[in-house]
Amino acid sequence: MKRFAKFVAVAALALVAAGTSFAQKVGDNLLWSSTTVIPAAKLGFAAKQVTGTAPSGKKALIVSAEKNGNEIDFRARIDFSAPVQIRGASKIIVEWEPLDASIKDKGGMPINFSIFTLNPEDNKALRAKTLDYAKRGEDKKSIFMKNGNDGFQGLKASWDLTADYQAWTDTSWDSSTKKVTALELYSYLGGSGSASDYKGIAITAIRFE
C-alpha cells in the first residue's frame with residue numbers, strides 16, 4: 001500500500017511538471033479539492049489560515065485578521081498545485097460565516113474577490129506540455145467587487161464574472177486563460193485597533209457556477 005501511495009504521488013508530480021491542468025466541474029467546492037494548497041501566512045499575501053469548524057458545524061477554512069501597515073483586513077487565499085481549468089462559469093460563489101458578533105449583526109461585510117490565472121505564455125507552454133509550473137511567469141489577476149454599498153456581501157457572497165469585474169486589474173475573466181492558479185478573498189476592516197480585536201471568518205465553500 002505504501003509503495004502504491006508513493007507511486008501515485010510521484011505520478012501526480014510528473015503530470016504537473018509536464019504541464020497538465022485539472023478540470024473542475026462548475027459547482028465543485030474548490031476549497032477542498034485534490035490540488036488545493038493552503039499557503040502559510042505572509043503579510044499582504046495571506047493571513048493565518050487553519051482548517052476548523054464553522055459555527056454551523058461545517059468544515060471550514062478559519063481565517064484570522066491581519067494588520068498590514070495602517071490597515072486591518074481579512075485576506076484569505078488558496079493556491080493550486082496545478083492549474084485548474086474552469087469552463088462554462090458565469091459567477092463565483094463564496095459561503096462563509098462570521099466569528100465576530102459585530103459582523104454577524106450586520107449580516108455581512110464588504111468583500112473583494114480575486115482570481116489568478118495563467119498568463120498567455122504559460123498557457124501556451126501548458127498546451128505544449130512544457131510548462132514548469134513552479135517556475136512560471138507572473139499570473140494574471142482579475143478582481144471582482146459588487147457594485148454599490150462598498151461591495152457589501154452577505155454570507156453567500158456572489159460575484160458575476162462579467163458585470164462585477166474591475167477594469168483596472170490585469171485581465172478580465174472573459175479574456176483570461178481560465179486556467180486558475182489561486183483564489184483570494186479580501187475585506188478591509190479599518191485602520192484602528194489591532195488584528196486581535198477580531199475572531200475571524202469561517203469559509204466553508206468556494207465554487208464557480
# chains A, B, ... in the order shown; residues from 1 in each chain; ligands from 1
>>> closest_atom_pairs(of="segment 112-163 of chain A", to="segment 172-176 of chain A", cutoff="8 Å", atoms="only C-alpha atoms", output="CSV")
residue,atom,partner,partner_atom,distance
A:Thr117,CA,A:Ser176,CA,6.9
A:Leu118,CA,A:Ser176,CA,8.0
A:Asn119,CA,A:Ser176,CA,7.7
A:Lys140,CA,A:Ser176,CA,7.7
A:Ser142,CA,A:Ser172,CA,5.5
A:Leu161,CA,A:Trp173,CA,6.2
A:Thr162,CA,A:Asp174,CA,6.9
>>> closest_atom_pairs(of="segment 44-127 of chain A", to="segment 144-148 of chain A", cutoff="8 Å", atoms="only C-alpha atoms", output="CSV")
residue,atom,partner,partner_atom,distance
A:Ile111,CA,A:Met145,CA,7.0
A:Asn112,CA,A:Met145,CA,5.0
A:Phe113,CA,A:Phe144,CA,5.2
A:Ser114,CA,A:Phe144,CA,6.2
>>> write_last_selection(atoms="C-alpha atoms", output="PDB file, in the first residue's frame")
ATOM      1  CA  ILE A 111     -15.623  41.795   0.161  1.00  0.00           C
ATOM      2  CA  ASN A 112     -13.418  41.822  -2.926  1.00  0.00           C
ATOM      3  CA  PHE A 113     -12.583  38.556  -4.658  1.00  0.00           C
ATOM      4  CA  SER A 114      -9.604  37.854  -6.907  1.00  0.00           C
TER       5      SER A 114
END
>>> atom_distance(atom1="atom CA of Thr36 of chain A", atom2="atom CA of Val94 of chain A")
15.5 Å
>>> atom_distance(atom1="atom CA of Asp197 of chain A", atom2="atom CA of Ile103 of chain A")
12.3 Å
>>> select_by_dssp(residues="segment 52-186 of chain A", states="strand (DSSP E or B)", output="compact mmCIF listing (two decimals) with N, CA and C atoms, in the first residue's frame")
# COMPACT_ATOMS: atom_id res chain seq x y z
N GLY A 52 -10.75 24.17 10.29
CA GLY A 52 -11.50 24.05 11.54
C GLY A 52 -12.97 23.81 11.26
N THR A 53 -13.79 24.25 12.19
CA THR A 53 -15.24 24.04 12.10
C THR A 53 -15.96 25.38 12.23
N LYS A 59 -17.17 21.89 7.93
CA LYS A 59 -15.73 22.02 7.79
C LYS A 59 -15.43 23.38 7.17
N ALA A 60 -14.42 24.08 7.68
CA ALA A 60 -14.19 25.45 7.23
C ALA A 60 -12.71 25.81 7.24
N LEU A 61 -12.39 26.79 6.43
CA LEU A 61 -11.09 27.45 6.49
C LEU A 61 -11.27 28.65 7.42
N ILE A 62 -10.63 28.61 8.59
CA ILE A 62 -10.75 29.68 9.57
C ILE A 62 -9.65 30.70 9.29
N VAL A 63 -10.07 31.93 8.98
CA VAL A 63 -9.14 32.98 8.57
C VAL A 63 -9.07 34.06 9.64
N ALA A 65 -7.70 37.83 11.18
CA ALA A 65 -7.43 39.17 10.67
C ALA A 65 -5.93 39.42 10.72
N GLU A 66 -5.46 40.32 9.85
CA GLU A 66 -4.06 40.72 9.86
C GLU A 66 -3.98 42.24 9.82
N LYS A 67 -2.89 42.78 10.34
CA LYS A 67 -2.65 44.22 10.24
C LYS A 67 -1.49 44.44 9.30
N ASN A 68 -1.76 45.15 8.21
CA ASN A 68 -0.76 45.42 7.18
C ASN A 68 -0.59 46.93 7.10
N GLU A 71 -3.66 49.25 7.90
CA GLU A 71 -4.91 48.58 7.55
C GLU A 71 -5.07 47.26 8.28
N ILE A 72 -6.28 46.99 8.74
CA ILE A 72 -6.63 45.68 9.27
C ILE A 72 -7.56 45.03 8.26
N ASP A 73 -7.32 43.78 7.94
CA ASP A 73 -8.15 43.13 6.93
C ASP A 73 -8.21 41.64 7.14
N PHE A 74 -9.17 41.01 6.45
CA PHE A 74 -9.19 39.57 6.27
C PHE A 74 -8.65 39.31 4.87
N ARG A 75 -7.63 38.49 4.78
CA ARG A 75 -7.10 38.13 3.47
C ARG A 75 -6.94 36.61 3.42
N ALA A 76 -7.90 35.97 2.77
CA ALA A 76 -7.88 34.51 2.63
C ALA A 76 -7.36 34.16 1.24
N ARG A 77 -6.61 33.07 1.16
CA ARG A 77 -6.07 32.66 -0.13
C ARG A 77 -5.89 31.15 -0.17
N ILE A 78 -6.22 30.58 -1.33
CA ILE A 78 -5.86 29.20 -1.61
C ILE A 78 -5.13 29.15 -2.94
N ASP A 79 -4.11 28.33 -3.01
CA ASP A 79 -3.36 28.10 -4.24
C ASP A 79 -3.69 26.70 -4.76
N PHE A 80 -3.26 26.44 -6.00
CA PHE A 80 -3.48 25.12 -6.59
C PHE A 80 -2.15 24.56 -7.06
N SER A 81 -1.90 23.29 -6.78
CA SER A 81 -0.63 22.66 -7.13
C SER A 81 -0.50 22.41 -8.63
N ALA A 82 -1.59 22.57 -9.35
CA ALA A 82 -1.61 22.53 -10.81
C ALA A 82 -2.74 23.44 -11.25
N PRO A 83 -2.65 24.04 -12.43
CA PRO A 83 -3.71 24.95 -12.86
C PRO A 83 -5.05 24.23 -12.98
N VAL A 84 -6.10 24.88 -12.52
CA VAL A 84 -7.45 24.32 -12.54
C VAL A 84 -8.22 24.93 -13.71
N GLN A 85 -8.65 24.10 -14.61
CA GLN A 85 -9.38 24.56 -15.78
C GLN A 85 -10.87 24.68 -15.47
N ILE A 86 -11.42 25.87 -15.71
CA ILE A 86 -12.84 26.12 -15.45
C ILE A 86 -13.54 26.47 -16.76
N LYS A 91 -20.33 32.96 -12.67
CA LYS A 91 -20.15 33.65 -11.39
C LYS A 91 -19.30 32.81 -10.44
N ILE A 92 -18.81 33.47 -9.39
CA ILE A 92 -18.05 32.80 -8.34
C ILE A 92 -18.80 32.98 -7.03
N ILE A 93 -18.91 31.92 -6.25
CA ILE A 93 -19.68 31.92 -5.00
C ILE A 93 -18.75 31.60 -3.83
N VAL A 94 -18.91 32.34 -2.74
CA VAL A 94 -18.19 32.04 -1.50
C VAL A 94 -19.20 31.97 -0.36
N GLU A 95 -19.24 30.84 0.32
CA GLU A 95 -20.09 30.70 1.51
C GLU A 95 -19.21 30.83 2.75
N TRP A 96 -19.60 31.71 3.65
CA TRP A 96 -18.75 31.98 4.81
C TRP A 96 -19.61 32.34 6.02
N GLU A 97 -19.00 32.24 7.19
CA GLU A 97 -19.70 32.55 8.44
C GLU A 97 -18.80 33.41 9.32
N PRO A 98 -19.34 34.48 9.90
CA PRO A 98 -18.53 35.35 10.77
C PRO A 98 -18.36 34.75 12.16
N MET A 109 -20.28 41.83 5.15
CA MET A 109 -19.25 42.86 5.12
C MET A 109 -18.83 43.11 3.67
N PRO A 110 -18.15 44.22 3.39
CA PRO A 110 -17.64 44.44 2.03
C PRO A 110 -16.54 43.43 1.72
N ASN A 112 -13.94 41.94 -1.57
CA ASN A 112 -13.42 41.82 -2.93
C ASN A 112 -12.95 40.39 -3.13
N PHE A 113 -13.04 39.91 -4.36
CA PHE A 113 -12.58 38.56 -4.66
C PHE A 113 -11.68 38.58 -5.88
N SER A 114 -10.56 37.89 -5.80
CA SER A 114 -9.60 37.85 -6.91
C SER A 114 -9.41 36.43 -7.42
N ILE A 115 -9.28 36.34 -8.73
CA ILE A 115 -8.99 35.06 -9.39
C ILE A 115 -7.68 35.22 -10.15
N PHE A 116 -6.70 34.37 -9.84
CA PHE A 116 -5.42 34.38 -10.54
C PHE A 116 -5.44 33.29 -11.60
N THR A 117 -4.98 33.64 -12.80
CA THR A 117 -4.95 32.68 -13.91
C THR A 117 -3.59 32.69 -14.58
N LYS A 140 -1.94 36.25 -14.11
CA LYS A 140 -2.83 37.38 -14.32
C LYS A 140 -3.89 37.40 -13.23
N LYS A 141 -4.36 38.57 -12.87
CA LYS A 141 -5.27 38.71 -11.74
C LYS A 141 -6.53 39.47 -12.15
N SER A 142 -7.68 38.86 -11.91
CA SER A 142 -8.97 39.53 -12.10
C SER A 142 -9.55 39.82 -10.72
N ILE A 143 -10.04 41.04 -10.50
CA ILE A 143 -10.63 41.40 -9.21
C ILE A 143 -12.10 41.73 -9.42
N PHE A 144 -12.93 41.26 -8.49
CA PHE A 144 -14.37 41.43 -8.60
C PHE A 144 -14.91 42.13 -7.34
N MET A 145 -15.80 43.10 -7.56
CA MET A 145 -16.43 43.80 -6.45
C MET A 145 -17.88 44.10 -6.84
N PHE A 152 -20.60 45.41 -0.42
CA PHE A 152 -21.13 44.61 0.69
C PHE A 152 -21.67 43.27 0.19
N GLN A 153 -21.33 42.20 0.95
CA GLN A 153 -21.77 40.86 0.61
C GLN A 153 -22.34 40.17 1.84
N LYS A 156 -23.61 34.38 1.72
CA LYS A 156 -23.40 33.65 0.48
C LYS A 156 -23.02 34.69 -0.56
N ALA A 157 -21.73 35.02 -0.57
CA ALA A 157 -21.23 36.07 -1.46
C ALA A 157 -21.22 35.57 -2.90
N SER A 158 -21.56 36.46 -3.82
CA SER A 158 -21.65 36.09 -5.23
C SER A 158 -21.16 37.24 -6.10
N TRP A 159 -20.30 36.92 -7.04
CA TRP A 159 -19.83 37.92 -7.99
C TRP A 159 -20.06 37.43 -9.41
N ASP A 160 -20.62 38.29 -10.24
CA ASP A 160 -20.80 38.00 -11.65
C ASP A 160 -19.44 38.17 -12.34
N TYR A 165 -16.55 42.56 -12.67
CA TYR A 165 -15.11 42.66 -12.92
C TYR A 165 -14.67 44.12 -12.86
N LYS A 179 -7.39 29.26 -16.71
CA LYS A 179 -6.61 28.24 -16.01
C LYS A 179 -6.25 28.84 -14.65
N VAL A 180 -6.99 28.48 -13.62
CA VAL A 180 -6.90 29.14 -12.32
C VAL A 180 -5.72 28.60 -11.51
N THR A 181 -4.94 29.54 -10.97
CA THR A 181 -3.77 29.17 -10.16
C THR A 181 -3.96 29.51 -8.68
N ALA A 182 -4.86 30.45 -8.38
CA ALA A 182 -5.10 30.84 -6.98
C ALA A 182 -6.39 31.63 -6.88
N LEU A 183 -6.96 31.67 -5.67
CA LEU A 183 -8.16 32.45 -5.38
C LEU A 183 -7.92 33.22 -4.09
N GLU A 184 -8.44 34.45 -4.04
CA GLU A 184 -8.21 35.30 -2.87
C GLU A 184 -9.47 36.07 -2.48
N LEU A 185 -9.76 36.09 -1.19
CA LEU A 185 -10.85 36.90 -0.64
C LEU A 185 -10.24 37.99 0.23
N TYR A 186 -10.73 39.23 0.06
CA TYR A 186 -10.18 40.36 0.83
C TYR A 186 -11.31 41.22 1.38
>>> closest_residue(among="A:Gly108, A:Gln49, A:Leu189, A:Val26", to="Asn149 of chain A", atoms="only C-alpha atoms")
A:Gly108
>>> residues_around(residues="Leu30 of chain A", least_positions_apart="4", cutoff="8 Å", atoms="only C-alpha atoms", output="ChimeraX atom specification")
/A:36,205-207
>>> write_last_selection(atoms="all heavy atoms", output="PDB file, in the first residue's frame")
ATOM      1  N   THR A  36      -5.816  21.644  -4.009  1.00  0.00           N
ATOM      2  CA  THR A  36      -5.833  22.863  -3.191  1.00  0.00           C
ATOM      3  C   THR A  36      -4.678  22.872  -2.197  1.00  0.00           C
ATOM      4  O   THR A  36      -4.408  21.883  -1.527  1.00  0.00           O
ATOM      5  CB  THR A  36      -7.163  22.987  -2.428  1.00  0.00           C
ATOM      6  OG1 THR A  36      -8.228  23.078  -3.380  1.00  0.00           O
ATOM      7  CG2 THR A  36      -7.178  24.222  -1.544  1.00  0.00           C
ATOM      8  N   ALA A 205     -17.127  27.197   1.603  1.00  0.00           N
ATOM      9  CA  ALA A 205     -17.174  26.770   0.199  1.00  0.00           C
ATOM     10  C   ALA A 205     -16.745  27.902  -0.729  1.00  0.00           C
ATOM     11  O   ALA A 205     -17.061  29.067  -0.466  1.00  0.00           O
ATOM     12  CB  ALA A 205     -18.577  26.309  -0.183  1.00  0.00           C
ATOM     13  N   ILE A 206     -16.041  27.539  -1.779  1.00  0.00           N
ATOM     14  CA  ILE A 206     -15.734  28.446  -2.884  1.00  0.00           C
ATOM     15  C   ILE A 206     -15.990  27.666  -4.155  1.00  0.00           C
ATOM     16  O   ILE A 206     -15.394  26.600  -4.368  1.00  0.00           O
ATOM     17  CB  ILE A 206     -14.266  28.927  -2.858  1.00  0.00           C
ATOM     18  CG1 ILE A 206     -13.938  29.648  -1.547  1.00  0.00           C
ATOM     19  CG2 ILE A 206     -13.999  29.859  -4.046  1.00  0.00           C
ATOM     20  CD1 ILE A 206     -12.471  30.081  -1.435  1.00  0.00           C
ATOM     21  N   ARG A 207     -16.866  28.163  -4.979  1.00  0.00           N
ATOM     22  CA  ARG A 207     -17.183  27.405  -6.196  1.00  0.00           C
ATOM     23  C   ARG A 207     -17.589  28.343  -7.346  1.00  0.00           C
ATOM     24  O   ARG A 207     -18.103  29.433  -7.131  1.00  0.00           O
ATOM     25  CB  ARG A 207     -18.304  26.411  -5.937  1.00  0.00           C
ATOM     26  CG  ARG A 207     -19.618  27.037  -5.557  1.00  0.00           C
ATOM     27  CD  ARG A 207     -20.691  25.961  -5.334  1.00  0.00           C
ATOM     28  NE  ARG A 207     -21.989  26.549  -5.039  1.00  0.00           N
ATOM     29  CZ  ARG A 207     -22.404  26.900  -3.817  1.00  0.00           C
ATOM     30  NH1 ARG A 207     -21.612  26.704  -2.767  1.00  0.00           N
ATOM     31  NH2 ARG A 207     -23.593  27.430  -3.645  1.00  0.00           N
TER      32      ARG A 207
END
>>> closest_residue(among="A:Ser64, A:Tyr133, A:Asp100, A:Ser90", to="Ala46 of chain A", atoms="only C-alpha atoms")
A:Ser64
>>> select_by_dssp(residues="segment 28-126 of chain A", states="alpha helix (DSSP H)", output="list in words")
Ala101, Ser102, Ile103, Lys104, Asp105, Lys106, Pro120, Glu121, Asp122, Asn123, Lys124, Ala125 and Leu126 of chain A
